[in-house]
>>> print(open('query06.txt').read())   # compact mmCIF, C-alpha atoms and all ligand atoms
# COMPACT_ATOMS: atom_id res chain seq x y z
CA MET A 1 -0.75 -24.22 33.94
CA ALA A 2 0.87 -23.59 30.56
CA THR A 3 -1.23 -21.73 28.00
CA ASP A 4 -1.03 -22.38 24.28
CA ALA A 5 1.30 -20.02 22.45
CA PRO A 6 -0.43 -17.39 20.28
CA LEU A 7 -0.56 -17.68 16.53
CA TRP A 8 1.42 -14.99 14.70
CA LEU A 9 0.21 -13.64 11.35
CA PHE A 10 2.03 -11.20 9.04
CA GLY A 11 -0.05 -8.56 7.27
CA TYR A 12 1.60 -6.78 4.35
CA GLY A 13 -1.51 -5.66 2.44
CA SER A 14 -4.89 -4.50 3.68
CA LEU A 15 -4.37 -6.41 6.92
CA ILE A 16 -1.98 -3.62 7.93
CA TRP A 17 -4.72 -1.02 8.14
CA ARG A 18 -7.86 -3.15 8.33
CA PRO A 19 -7.44 -6.30 10.38
CA ASP A 20 -10.95 -7.70 10.62
CA PHE A 21 -10.20 -10.00 13.54
CA VAL A 22 -9.49 -9.80 17.24
CA TYR A 23 -5.83 -9.84 18.21
CA LEU A 24 -3.82 -9.78 21.41
CA HIS A 25 -1.01 -7.58 20.18
CA ARG A 26 0.27 -5.94 17.01
CA GLU A 27 3.74 -4.78 16.16
CA THR A 28 5.59 -3.47 13.12
CA ALA A 29 7.50 -6.31 11.49
CA VAL A 30 10.09 -6.80 8.76
CA LEU A 31 10.32 -9.86 6.54
CA HIS A 32 13.80 -10.20 5.08
CA GLY A 33 14.53 -11.89 1.74
CA TRP A 34 11.14 -11.05 0.16
CA LYS A 35 9.72 -8.15 -1.84
CA ARG A 36 6.11 -6.91 -2.19
CA ARG A 37 4.62 -6.83 -5.68
CA PHE A 38 1.14 -6.11 -7.07
CA TRP A 39 1.19 -9.25 -9.13
CA GLN A 40 -1.93 -11.01 -7.89
CA GLY A 41 -5.24 -10.39 -9.64
CA SER A 42 -8.29 -9.71 -7.51
CA THR A 43 -11.68 -10.60 -8.94
CA ASP A 44 -13.52 -10.72 -5.62
CA HIS A 45 -12.24 -7.78 -3.55
CA ARG A 46 -10.60 -5.00 -5.59
CA GLY A 47 -11.79 -6.04 -9.03
CA LEU A 48 -14.34 -8.20 -10.78
CA PRO A 49 -14.24 -11.30 -12.97
CA GLY A 50 -13.07 -10.09 -16.37
CA ALA A 51 -11.76 -6.83 -14.85
CA PRO A 52 -9.33 -7.84 -12.10
CA GLY A 53 -7.63 -5.35 -9.85
CA ARG A 54 -4.05 -5.79 -8.67
CA VAL A 55 -3.26 -6.70 -5.06
CA VAL A 56 -0.09 -7.67 -3.30
CA THR A 57 1.87 -10.86 -3.07
CA LEU A 58 5.47 -11.59 -2.10
CA LEU A 59 8.42 -12.78 -4.13
CA PRO A 60 11.67 -14.10 -2.70
CA GLU A 61 14.67 -11.87 -3.41
CA SER A 62 17.99 -11.88 -1.66
CA GLY A 63 18.64 -8.61 0.20
CA ALA A 64 15.05 -7.37 -0.11
CA GLN A 65 12.73 -6.63 2.79
CA VAL A 66 9.02 -6.09 3.32
CA TRP A 67 7.57 -4.00 6.14
CA GLY A 68 4.21 -4.95 7.54
CA THR A 69 2.40 -5.75 10.76
CA ALA A 70 2.71 -8.84 12.94
CA TYR A 71 -0.44 -9.85 14.81
CA ALA A 72 -0.52 -12.18 17.81
CA ILE A 73 -3.81 -14.08 17.88
CA ALA A 74 -5.01 -16.13 20.83
CA ALA A 75 -4.44 -19.82 20.20
CA GLU A 76 -8.10 -20.69 20.74
CA GLN A 77 -9.12 -18.23 18.01
CA GLY A 78 -6.36 -19.20 15.57
CA LYS A 79 -8.09 -22.13 13.91
CA THR A 80 -11.29 -20.21 13.17
CA LEU A 81 -9.36 -17.21 11.91
CA LEU A 82 -7.21 -19.29 9.56
CA ALA A 83 -10.29 -21.00 8.15
CA ARG A 84 -11.79 -17.55 7.51
CA LEU A 85 -8.61 -16.18 5.91
CA ASP A 86 -8.18 -19.33 3.81
CA HIS A 87 -11.70 -18.76 2.50
CA ARG A 88 -11.08 -15.03 1.93
CA GLU A 89 -7.83 -15.73 0.09
CA LYS A 90 -9.16 -18.71 -1.83
CA GLY A 91 -8.36 -16.81 -5.04
CA GLY A 92 -4.80 -18.14 -5.03
CA TYR A 93 -2.77 -17.71 -1.83
CA ALA A 94 -0.95 -20.42 0.10
CA ARG A 95 0.17 -20.19 3.72
CA HIS A 96 3.90 -20.10 4.52
CA ARG A 97 5.68 -20.10 7.86
CA LEU A 98 8.42 -17.45 7.76
CA THR A 99 10.65 -15.65 10.24
CA LEU A 100 9.83 -12.02 11.02
CA HIS A 101 11.98 -9.44 12.74
CA LEU A 102 10.19 -7.02 15.09
CA PRO A 103 12.35 -3.87 15.32
CA GLU A 104 10.48 -2.30 18.27
CA SER A 105 11.00 -5.22 20.65
CA GLY A 106 14.08 -6.68 18.94
CA ARG A 107 12.38 -10.08 18.75
CA SER A 108 12.38 -12.59 15.90
CA LEU A 109 9.52 -15.03 15.56
CA GLU A 110 7.80 -17.37 13.12
CA ALA A 111 4.55 -16.18 11.56
CA LEU A 112 2.06 -17.34 8.98
CA VAL A 113 2.26 -15.41 5.73
CA TYR A 114 -0.07 -15.68 2.74
CA VAL A 115 1.80 -15.76 -0.59
CA ALA A 116 0.15 -16.11 -4.00
CA THR A 117 1.07 -19.23 -5.91
CA PRO A 118 2.29 -18.27 -9.43
CA ALA A 119 0.18 -21.06 -10.92
CA ASN A 120 -3.10 -19.77 -9.49
CA PRO A 121 -5.72 -18.72 -12.08
CA ASN A 122 -5.83 -15.10 -10.87
CA TYR A 123 -2.06 -14.56 -10.98
CA LEU A 124 -1.19 -11.62 -13.25
CA GLY A 125 2.56 -11.31 -12.78
CA PRO A 126 4.54 -8.25 -13.87
CA ALA A 127 3.39 -5.61 -16.36
CA PRO A 128 4.72 -2.21 -17.49
CA LEU A 129 4.19 0.54 -14.92
CA ALA A 130 1.70 2.45 -17.09
CA ALA A 131 -0.43 -0.66 -17.60
CA MET A 132 -0.48 -1.40 -13.88
CA VAL A 133 -1.48 2.18 -13.10
CA THR A 134 -4.30 2.03 -15.66
CA THR A 135 -5.62 -1.20 -14.14
CA MET A 136 -5.45 0.23 -10.64
CA ALA A 137 -7.14 3.48 -11.66
CA ARG A 138 -10.06 1.65 -13.28
CA ALA A 139 -10.63 -1.55 -11.30
CA SER A 140 -13.09 -1.74 -8.45
CA GLY A 141 -14.73 -4.56 -6.54
CA PRO A 142 -16.85 -5.40 -3.51
CA SER A 143 -14.14 -4.11 -1.12
CA GLY A 144 -13.80 -0.80 -2.99
CA PRO A 145 -11.65 0.79 -5.69
CA ASN A 146 -8.27 -0.71 -6.45
CA HIS A 147 -6.63 2.73 -6.23
CA GLU A 148 -7.83 3.13 -2.64
CA TYR A 149 -6.12 -0.17 -1.75
CA VAL A 150 -2.83 1.11 -3.19
CA THR A 151 -2.89 4.57 -1.63
CA ARG A 152 -3.99 3.30 1.80
CA LEU A 153 -1.24 0.71 1.75
CA ALA A 154 1.32 3.36 0.81
CA ASP A 155 0.06 5.63 3.61
CA ALA A 156 0.30 2.76 6.11
CA VAL A 157 3.84 1.77 5.07
CA ARG A 158 4.95 5.41 5.16
CA ALA A 159 3.49 5.77 8.66
CA MET A 160 5.81 2.96 9.78
CA GLY A 161 8.77 5.00 8.61
CA ALA A 162 9.49 2.38 5.95
CA ARG A 163 10.16 2.66 2.24
CA ASP A 164 8.92 0.50 -0.62
CA GLU A 165 9.92 1.87 -4.01
CA HIS A 166 7.60 -0.38 -6.03
CA LEU A 167 4.63 0.66 -3.90
CA PHE A 168 5.54 4.36 -3.72
CA THR A 169 6.20 4.63 -7.46
CA LEU A 170 2.82 3.10 -8.26
CA GLU A 171 1.16 5.34 -5.68
CA GLN A 172 2.74 8.48 -7.13
CA HIS A 173 1.71 7.67 -10.71
CA LEU A 174 -1.74 6.65 -9.58
CA ARG A 175 -2.31 9.85 -7.61
CA GLU A 176 -1.18 11.88 -10.62
CA ARG A 177 -3.57 9.94 -12.85
CA LEU A 178 -6.43 10.49 -10.39
CA GLY A 179 -5.60 14.16 -9.90
CA GLN A 180 -4.85 13.61 -6.21
CA VAL A 181 -2.24 15.63 -4.37
CA ALA A 182 0.74 13.41 -3.68
CA PRO A 183 1.87 13.28 -0.05
CA ASP A 184 5.38 14.49 0.64
CA ILE A 185 7.25 11.23 0.34
CA ALA A 186 10.70 12.78 0.49
CA ASP A 187 12.57 11.24 3.39
CA GLY A 188 14.77 14.28 3.94
CA ASP A 189 18.09 12.83 2.84
C1 LIG A 201 -2.61 -8.84 3.74
O1 LIG A 201 -1.62 -8.62 4.35
O2 LIG A 201 -3.56 -8.08 3.75
C2 LIG A 201 -2.71 -10.07 2.90
C3 LIG A 201 -1.87 -10.22 1.85
C4 LIG A 201 -1.98 -11.35 1.09
C5 LIG A 201 -2.92 -12.31 1.38
C6 LIG A 201 -3.72 -12.15 2.49
C7 LIG A 201 -3.64 -11.01 3.24
>>> encode(input="query06.txt", output="structure tokens")
Amino acid sequence: MATDAPLWLFGYGSLIWRPDFVYLHRETAVLHGWKRRFWQGSTDHRGLPGAPGRVVTLLPESGAQVWGTAYAIAAEQGKTLLARLDHREKGGYARHRLTLHLPESGRSLEALVYVATPANPNYLGPAPLAAMVTTMARASGPSGPNHEYVTRLADAVRAMGARDEHLFTLEQHLRERLGQVAPDIADGD
């Protein structure tokens, strides 16, 4: 008897290190043609109304790539999970269906990806580096400090052996601002 195919979901933010759902399988994944940016405001997780933190979204850009984690979720749990994530991301994300490449297994597959809509009320867009670092150093919300979100994401992306200059630059400046010792991010070449 045929079973329903699993639902695939791409995590490129906190879902990389803190998936709060049951999954069948996880694998490092690359999304080509998009870049990760801290352009979405968070007033319910890493900031507060009137003092938003900055969390990630994706922007299309030819030649760019985003490393993250692909999760396979059992079909019978997919609907409930999506309803939960839709509620969690109600601050301004829309679901897209995009093709991921999975370097470990060499597979390509379609996955659901949450991307912030530029017209959403929490969208912050770009800002000078220093201003972004100041926001991230100060903002905090029910899920914890904004700076923790940034440094944990940088640690998780580094652990994949991937690079993300926007993320690593923010991390470095943020750690300096917070007086934290920066990890050795040199890649040896
Ligand atoms: C994540 O990967 O953690 C994520 C990013 C944007 C919206 C929802 C989840």
>>> closest_residue(input="query06.txt", among="A:Leu48, A:Leu109, A:Ala72, A:Ala64", to="Pro142 of chain A", atoms="all atoms listed in the file")
A:Leu48
>>> atom_distance(input="query06.txt", atom1="atom CA of Tyr114 of chain A", atom2="atom CA of Glu165 of chain A")
21.3 Å
>>> residues_around(input="query06.txt", residues="Trp8 of chain A", least_positions_apart="2", cutoff="8 Å", atoms="all atoms listed in the file", output="list in words")
Pro6, Phe10, Ala70, Tyr71, Ala72, Ile73, Glu110, Ala111 and Leu112 of chain A
>>> closest_residue(input="query06.txt", among="A:Phe38, A:Phe168, A:Tyr23, A:Trp67", to="Asn146 of chain A", atoms="all atoms listed in the file")
A:Phe38
>>> closest_residue(input="query06.txt", among="A:His173, A:Arg88, A:His147, A:His25", to="ligand LIG 201 (chain A)", atoms="only C-alpha atoms and all ligand atoms")
A:Arg88
>>> closest_residue(input="query06.txt", among="A:Gly141, A:Gly33, A:Gly50, A:Gly68", to="ligand LIG 201 (chain A)", atoms="all atoms listed in the file")
A:Gly68
>>> atom_distance(input="query06.txt", atom1="atom CA of Gly63 of chain A", atom2="atom CA of Tyr12 of chain A")
17.6 Å
>>> residues_near_ligand(input="query06.txt", ligand="ligand LIG 201 (chain A)", cutoff="7 Å", atoms="only C-alpha atoms and all ligand atoms", output="ChimeraX atom specification")
/A:10-16,56-57,89,93,114-115
>>> residues_around(input="query06.txt", residues="Gly144 of chain A", least_positions_apart="2", cutoff="12 Å", atoms="all atoms listed in the file", output="VMD selection string")
chain A and resid 14 42 to 48 53 136 to 142 146 to 150 152
>>> write_last_selection(input="query06.txt", atoms="C-alpha atoms", output="compact mmCIF listing (two decimals), in the frame of the given file")
# COMPACT_ATOMS: atom_id res chain seq x y z
CA SER A 14 -4.89 -4.50 3.68
CA SER A 42 -8.29 -9.71 -7.51
CA THR A 43 -11.68 -10.60 -8.94
CA ASP A 44 -13.52 -10.72 -5.62
CA HIS A 45 -12.24 -7.78 -3.55
CA ARG A 46 -10.60 -5.00 -5.59
CA GLY A 47 -11.79 -6.04 -9.03
CA LEU A 48 -14.34 -8.20 -10.78
CA GLY A 53 -7.63 -5.35 -9.85
CA MET A 136 -5.45 0.23 -10.64
CA ALA A 137 -7.14 3.48 -11.66
CA ARG A 138 -10.06 1.65 -13.28
CA ALA A 139 -10.63 -1.55 -11.30
CA SER A 140 -13.09 -1.74 -8.45
CA GLY A 141 -14.73 -4.56 -6.54
CA PRO A 142 -16.85 -5.40 -3.51
CA ASN A 146 -8.27 -0.71 -6.45
CA HIS A 147 -6.63 2.73 -6.23
CA GLU A 148 -7.83 3.13 -2.64
CA TYR A 149 -6.12 -0.17 -1.75
CA VAL A 150 -2.83 1.11 -3.19
CA ARG A 152 -3.99 3.30 1.80
>>> axis_aligned_box(input="query06.txt", around="segment 119-122 of chain A", padding_each_side="8 Å", output="AutoDock Vina command-line options")
--center_x -2.8 --center_y -18.1 --center_z -10.8 --size_x 22.0 --size_y 22.0 --size_z 18.6
>>> closest_residue(input="query06.txt", among="A:Val113, A:Ala127, A:Leu167, A:Val30", to="Gln65 of chain A", atoms="only C-alpha atoms")
A:Val30
>>> residues_around(input="query06.txt", residues="Ala74 of chain A", least_positions_apart="2", cutoff="12 Å", atoms="only C-alpha atoms", output="ChimeraX atom specification")
/A:3-9,21-25,71-72,76-82
>>> atom_distance(input="query06.txt", atom1="atom CA of Pro145 of chain A", atom2="atom CA of Gln180 of chain A")
14.5 Å
>>> closest_residue(input="query06.txt", among="A:Arg26, A:Arg95, A:Lys90, A:Lys35", to="Leu59 of chain A", atoms="all atoms listed in the file")
A:Lys35
>>> residues_near_point(input="query06.txt", point="(-0.4, 7.4, -10.3)", cutoff="10 Å", atoms="only C-alpha atoms", output="count of residues only")
24
>>> residues_near_point(input="query06.txt", point="(5.5, -18.2, -9.5)", cutoff="12 Å", atoms="only C-alpha atoms", output="ChimeraX atom specification")
/A:39-40,57-60,92-94,115-126
>>> build_atoms(input="query06.txt", residues="segment 101-112 of chain A", atoms="all heavy atoms", output="PDB file, in the frame of the given file")
ATOM      1  N   HIS A 101      11.215 -10.199  11.758  1.00  0.00           N
ATOM      2  CA  HIS A 101      11.980  -9.440  12.740  1.00  0.00           C
ATOM      3  C   HIS A 101      11.087  -8.289  13.211  1.00  0.00           C
ATOM      4  O   HIS A 101      10.467  -7.608  12.392  1.00  0.00           O
ATOM      5  CB  HIS A 101      13.271  -8.908  12.115  1.00  0.00           C
ATOM      6  CG  HIS A 101      14.045  -8.041  13.056  1.00  0.00           C
ATOM      7  ND1 HIS A 101      14.533  -8.504  14.256  1.00  0.00           N
ATOM      8  CD2 HIS A 101      14.375  -6.738  12.979  1.00  0.00           C
ATOM      9  CE1 HIS A 101      15.141  -7.513  14.884  1.00  0.00           C
ATOM     10  NE2 HIS A 101      15.068  -6.440  14.127  1.00  0.00           N
ATOM     11  N   LEU A 102      11.027  -8.082  14.521  1.00  0.00           N
ATOM     12  CA  LEU A 102      10.190  -7.020  15.090  1.00  0.00           C
ATOM     13  C   LEU A 102      11.128  -5.951  15.667  1.00  0.00           C
ATOM     14  O   LEU A 102      11.673  -6.113  16.768  1.00  0.00           O
ATOM     15  CB  LEU A 102       9.285  -7.583  16.198  1.00  0.00           C
ATOM     16  CG  LEU A 102       7.970  -8.253  15.772  1.00  0.00           C
ATOM     17  CD1 LEU A 102       8.138  -9.281  14.690  1.00  0.00           C
ATOM     18  CD2 LEU A 102       7.259  -8.849  16.973  1.00  0.00           C
ATOM     19  N   PRO A 103      11.341  -4.844  14.908  1.00  0.00           N
ATOM     20  CA  PRO A 103      12.350  -3.870  15.320  1.00  0.00           C
ATOM     21  C   PRO A 103      12.072  -3.219  16.671  1.00  0.00           C
ATOM     22  O   PRO A 103      12.999  -2.903  17.407  1.00  0.00           O
ATOM     23  CB  PRO A 103      12.344  -2.825  14.209  1.00  0.00           C
ATOM     24  CG  PRO A 103      11.427  -3.286  13.170  1.00  0.00           C
ATOM     25  CD  PRO A 103      10.696  -4.493  13.644  1.00  0.00           C
ATOM     26  N   GLU A 104      10.780  -3.013  17.014  1.00  0.00           N
ATOM     27  CA  GLU A 104      10.480  -2.300  18.270  1.00  0.00           C
ATOM     28  C   GLU A 104      10.926  -3.088  19.493  1.00  0.00           C
ATOM     29  O   GLU A 104      11.486  -2.549  20.432  1.00  0.00           O
ATOM     30  CB  GLU A 104       8.972  -2.028  18.387  1.00  0.00           C
ATOM     31  CG  GLU A 104       8.488  -0.919  17.470  1.00  0.00           C
ATOM     32  CD  GLU A 104       6.977  -0.978  17.245  1.00  0.00           C
ATOM     33  OE1 GLU A 104       6.234  -1.453  18.118  1.00  0.00           O
ATOM     34  OE2 GLU A 104       6.550  -0.544  16.153  1.00  0.00           O
ATOM     35  N   SER A 105      10.663  -4.396  19.483  1.00  0.00           N
ATOM     36  CA  SER A 105      11.000  -5.220  20.650  1.00  0.00           C
ATOM     37  C   SER A 105      12.288  -5.997  20.446  1.00  0.00           C
ATOM     38  O   SER A 105      12.757  -6.656  21.373  1.00  0.00           O
ATOM     39  CB  SER A 105       9.852  -6.173  20.971  1.00  0.00           C
ATOM     40  OG  SER A 105       9.613  -7.009  19.856  1.00  0.00           O
ATOM     41  N   GLY A 106      12.835  -5.969  19.225  1.00  0.00           N
ATOM     42  CA  GLY A 106      14.080  -6.680  18.940  1.00  0.00           C
ATOM     43  C   GLY A 106      13.893  -8.190  18.844  1.00  0.00           C
ATOM     44  O   GLY A 106      14.866  -8.942  18.783  1.00  0.00           O
ATOM     45  N   ARG A 107      12.633  -8.641  18.812  1.00  0.00           N
ATOM     46  CA  ARG A 107      12.380 -10.080  18.750  1.00  0.00           C
ATOM     47  C   ARG A 107      12.389 -10.602  17.321  1.00  0.00           C
ATOM     48  O   ARG A 107      12.136  -9.856  16.380  1.00  0.00           O
ATOM     49  CB  ARG A 107      10.984 -10.395  19.313  1.00  0.00           C
ATOM     50  CG  ARG A 107      10.884 -10.320  20.785  1.00  0.00           C
ATOM     51  CD  ARG A 107       9.500 -10.762  21.225  1.00  0.00           C
ATOM     52  NE  ARG A 107       8.468  -9.771  20.939  1.00  0.00           N
ATOM     53  CZ  ARG A 107       7.178  -9.964  21.150  1.00  0.00           C
ATOM     54  NH1 ARG A 107       6.752 -11.118  21.628  1.00  0.00           N
ATOM     55  NH2 ARG A 107       6.300  -9.016  20.891  1.00  0.00           N
ATOM     56  N   SER A 108      12.630 -11.895  17.160  1.00  0.00           N
ATOM     57  CA  SER A 108      12.380 -12.590  15.900  1.00  0.00           C
ATOM     58  C   SER A 108      11.414 -13.711  16.209  1.00  0.00           C
ATOM     59  O   SER A 108      11.528 -14.356  17.267  1.00  0.00           O
ATOM     60  CB  SER A 108      13.668 -13.157  15.312  1.00  0.00           C
ATOM     61  OG  SER A 108      14.491 -12.111  14.860  1.00  0.00           O
ATOM     62  N   LEU A 109      10.481 -13.949  15.313  1.00  0.00           N
ATOM     63  CA  LEU A 109       9.520 -15.030  15.560  1.00  0.00           C
ATOM     64  C   LEU A 109       8.986 -15.572  14.236  1.00  0.00           C
ATOM     65  O   LEU A 109       9.096 -14.932  13.195  1.00  0.00           O
ATOM     66  CB  LEU A 109       8.379 -14.539  16.462  1.00  0.00           C
ATOM     67  CG  LEU A 109       7.692 -13.234  16.102  1.00  0.00           C
ATOM     68  CD1 LEU A 109       6.649 -13.427  15.032  1.00  0.00           C
ATOM     69  CD2 LEU A 109       7.048 -12.637  17.340  1.00  0.00           C
ATOM     70  N   GLU A 110       8.388 -16.744  14.316  1.00  0.00           N
ATOM     71  CA  GLU A 110       7.800 -17.370  13.120  1.00  0.00           C
ATOM     72  C   GLU A 110       6.339 -16.947  13.003  1.00  0.00           C
ATOM     73  O   GLU A 110       5.614 -16.912  14.007  1.00  0.00           O
ATOM     74  CB  GLU A 110       7.864 -18.881  13.245  1.00  0.00           C
ATOM     75  CG  GLU A 110       9.239 -19.421  12.985  1.00  0.00           C
ATOM     76  CD  GLU A 110       9.186 -20.771  12.287  1.00  0.00           C
ATOM     77  OE1 GLU A 110       8.215 -21.519  12.493  1.00  0.00           O
ATOM     78  OE2 GLU A 110      10.118 -21.065  11.534  1.00  0.00           O
ATOM     79  N   ALA A 111       5.934 -16.620  11.782  1.00  0.00           N
ATOM     80  CA  ALA A 111       4.550 -16.180  11.560  1.00  0.00           C
ATOM     81  C   ALA A 111       4.009 -16.820  10.295  1.00  0.00           C
ATOM     82  O   ALA A 111       4.769 -17.213   9.402  1.00  0.00           O
ATOM     83  CB  ALA A 111       4.509 -14.659  11.435  1.00  0.00           C
ATOM     84  N   LEU A 112       2.696 -16.879  10.216  1.00  0.00           N
ATOM     85  CA  LEU A 112       2.060 -17.340   8.980  1.00  0.00           C
ATOM     86  C   LEU A 112       1.955 -16.170   8.020  1.00  0.00           C
ATOM     87  O   LEU A 112       1.625 -15.049   8.431  1.00  0.00           O
ATOM     88  CB  LEU A 112       0.667 -17.899   9.275  1.00  0.00           C
ATOM     89  CG  LEU A 112       0.663 -19.170  10.112  1.00  0.00           C
ATOM     90  CD1 LEU A 112      -0.759 -19.620  10.409  1.00  0.00           C
ATOM     91  CD2 LEU A 112       1.426 -20.290   9.409  1.00  0.00           C
TER      92      LEU A 112
END
